[in-house]
Each structure stands twice: as structure tokens, then as C-alpha cells.
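Taking it in order: structure first as C-alpha cells, then the write-up.
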Amino acid sequence: MLLSYGDQQLNLKGIKAVIFDLDGTLVESEAVWTEAKQYIAKREKVKVSQQVMLAYVGRSVTDFVKEVIAPTNAPLIQIDIIERALARYDHHVQEIPGAAELIRNFSSKGFAVAICSSAPMKAIQKCLKLLGIEACINIVVSTESLSRGKPDKLPYVETLRLLNIASSHAIVFEDAAAGLTSSIAAGIKTVGVGSSIELSGFACEMFAKNIGDINLVETQ
């Protein structure tokens, strides 16, 4: 079986599992998280530049709070950001066109499907419901339960462990620098998705501006 996008093709021989990032890869949600982070930072009288906000795309709320706001009551600040973002999910988060269909295609062809995300588990669950793909997902990893998040390789190493497969038997779909750094460091073939110019600087197996235009092609 081949993964096809435009004139690019990737042979999936030996691939047993596909692992997807969530925010920016499957759903448009970054604006919700940006608003929540900026709102709480302003409340805490911390000025956050656009450059700093961009640097934390794909990273956990924990890292943002610890490294940018850094209050003495970090756990409470983290909860406030998450709750503000989650309150806006139902009306402000949308599927990236074709994302759910690609996951259903992989699942129907016998691939294990996993989510490896920097989002809190509550946010992941909301998105899986939004996409209607709960039945297709075998493993979910949220970095909120790990000691280190993306760009460290640990999130993807843990996802491989739970899938019980070697890195050579998986493929990752990622959109942000932190996630690409994480998956590639874990030794997993990675497809860079989305329009970010940063993607070209990573050793991805394939680049796809529109995830909905990626196709699975049967080979003889």
C-alpha cells in the first residue's frame, strides 16, 4: 500500500500503525489555545509577544505556564487556561477538511491508529467526538501525563510502547516544529502536514499542505 500526495508517494510496507498529532493536524484549535493563554497571561500581568506564542505552538500548556508565566501557583494557572480553552471548544474548533476520513481509511484497512498530542486529555476527547472517530482510535497519549512533552521524543516513544511496535513499523502525521522534532527524534517516519514554512526544514518522508488530499493507494 502507498501513501500518495500529488507527485509524492510513500511505501507503507511494514507499517502497522499510524500516529496523529491533534491540534493543527486534525483540528483547527490553535486560536482557542492562543486566546486562553493570552487572556490568562494578561490577567497575571505578563506580556507575551507573538513570537513567544508561536514558539509554543505544539507544546503543552504546562510548558507555557512554567516557562513564560512562571507563577508560584502554576498548577492553578494551568487549570485556568485549560478551562477557558475547553469552554470555547464546541463553537470554535473545527475539523481540518478530510482529516477524519483519512483516519477512517487507515482504520478500515487494518492499521492501528493512535493520537499523540500536547493537548490535555479532556480536549483530546472533545476532538475525537467532534471528528466522530472514537471507534477508530486504538491508543491516546496526552503529554499532560508525561514528565516531558514535545519537542522531547518521550511522547512518541511512549506511544510506540503502548502500541507495542518498533519505530520502523509506524508513521506520524505532524504539523508543528515541536511535534516534528519529537517524532523524528523517536526514529519514526514522519509526514509534515499544513502550510507552515518551517516544515521544509525537517527530514520528513513527505510534505502535504492539505491532509484531506492524502490518499491510500492499494498496490498489487
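Chain lettering (A, B, ...) mirrors the order of the C-alpha cells, residue numbering begins at 1 for each chain separately, and ligand numbering begins at 1 in order of display.
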### Message
as a PyMOL selection string, please: every residue in chain A that DSSP puts in strand (DSSP E).
### Response
chain A and resi 2-5+8-11+17-20+27-28+94-95+112-117+139-142+170-174+189-193+206-208+215-217
### Task
Might you pull out every residue within 10 Å of range 138-154 of chain A, with only C-alpha atoms counted and same-chain residues fewer than 3 positions away left off, and present them as a ChimeraX atom specification?
/A:17,19-21,56,58-63,107,111-125,134-135,157-160,162-163,176-187
If you count only C-alpha atoms, which residues fall within 10 Å of Ile133 in chain A, apart from same-chain ones fewer than 3 positions away, as a PDB file with C-alpha atoms, in the first residue's frame?
ATOM      1  CA  ALA A 100     -11.450  12.239   9.861  1.00  0.00           C
ATOM      2  CA  GLU A 101     -11.882  10.461   6.543  1.00  0.00           C
ATOM      3  CA  ILE A 103      -8.238   8.183   9.813  1.00  0.00           C
ATOM      4  CA  ARG A 104     -11.265   6.068   8.896  1.00  0.00           C
ATOM      5  CA  SER A 107      -8.544   2.048  10.368  1.00  0.00           C
ATOM      6  CA  CYS A 127     -11.975  16.467  19.455  1.00  0.00           C
ATOM      7  CA  LEU A 128     -12.395  12.728  18.896  1.00  0.00           C
ATOM      8  CA  LYS A 129     -16.120  13.180  19.487  1.00  0.00           C
ATOM      9  CA  LEU A 130     -16.216  16.186  17.166  1.00  0.00           C
ATOM     10  CA  CYS A 136     -11.114   4.174  15.063  1.00  0.00           C
ATOM     11  CA  ILE A 137      -8.590   5.111  17.764  1.00  0.00           C
TER      12      ILE A 137
END
### Message
With distances taken over only C-alpha atoms, which residue among A:Glu30, A:Asp23, A:Asp213, A:Asp7 lies nearest Glu174 in chain A?
### Response
A:Asp23
### Task
Could you give me, as a VMD selection string, the residues within 12 Å of range 36-49 of chain A, counting only C-alpha atoms and dropping anything in the same chain fewer than 4 positions from it?
chain A and resid 29 to 32 53 to 57 60 to 74 76 to 89
### Task
Per DSSP on the backbone, filter range 43-208 of chain A down to the residues in helix (DSSP H, G or I) and report them as an MDAnalysis selection string.
chainID A and resid 43 50:55 61:69 74:92 99:108 121:131 134:136 143:145 154:163 167:169 177:185 197:201
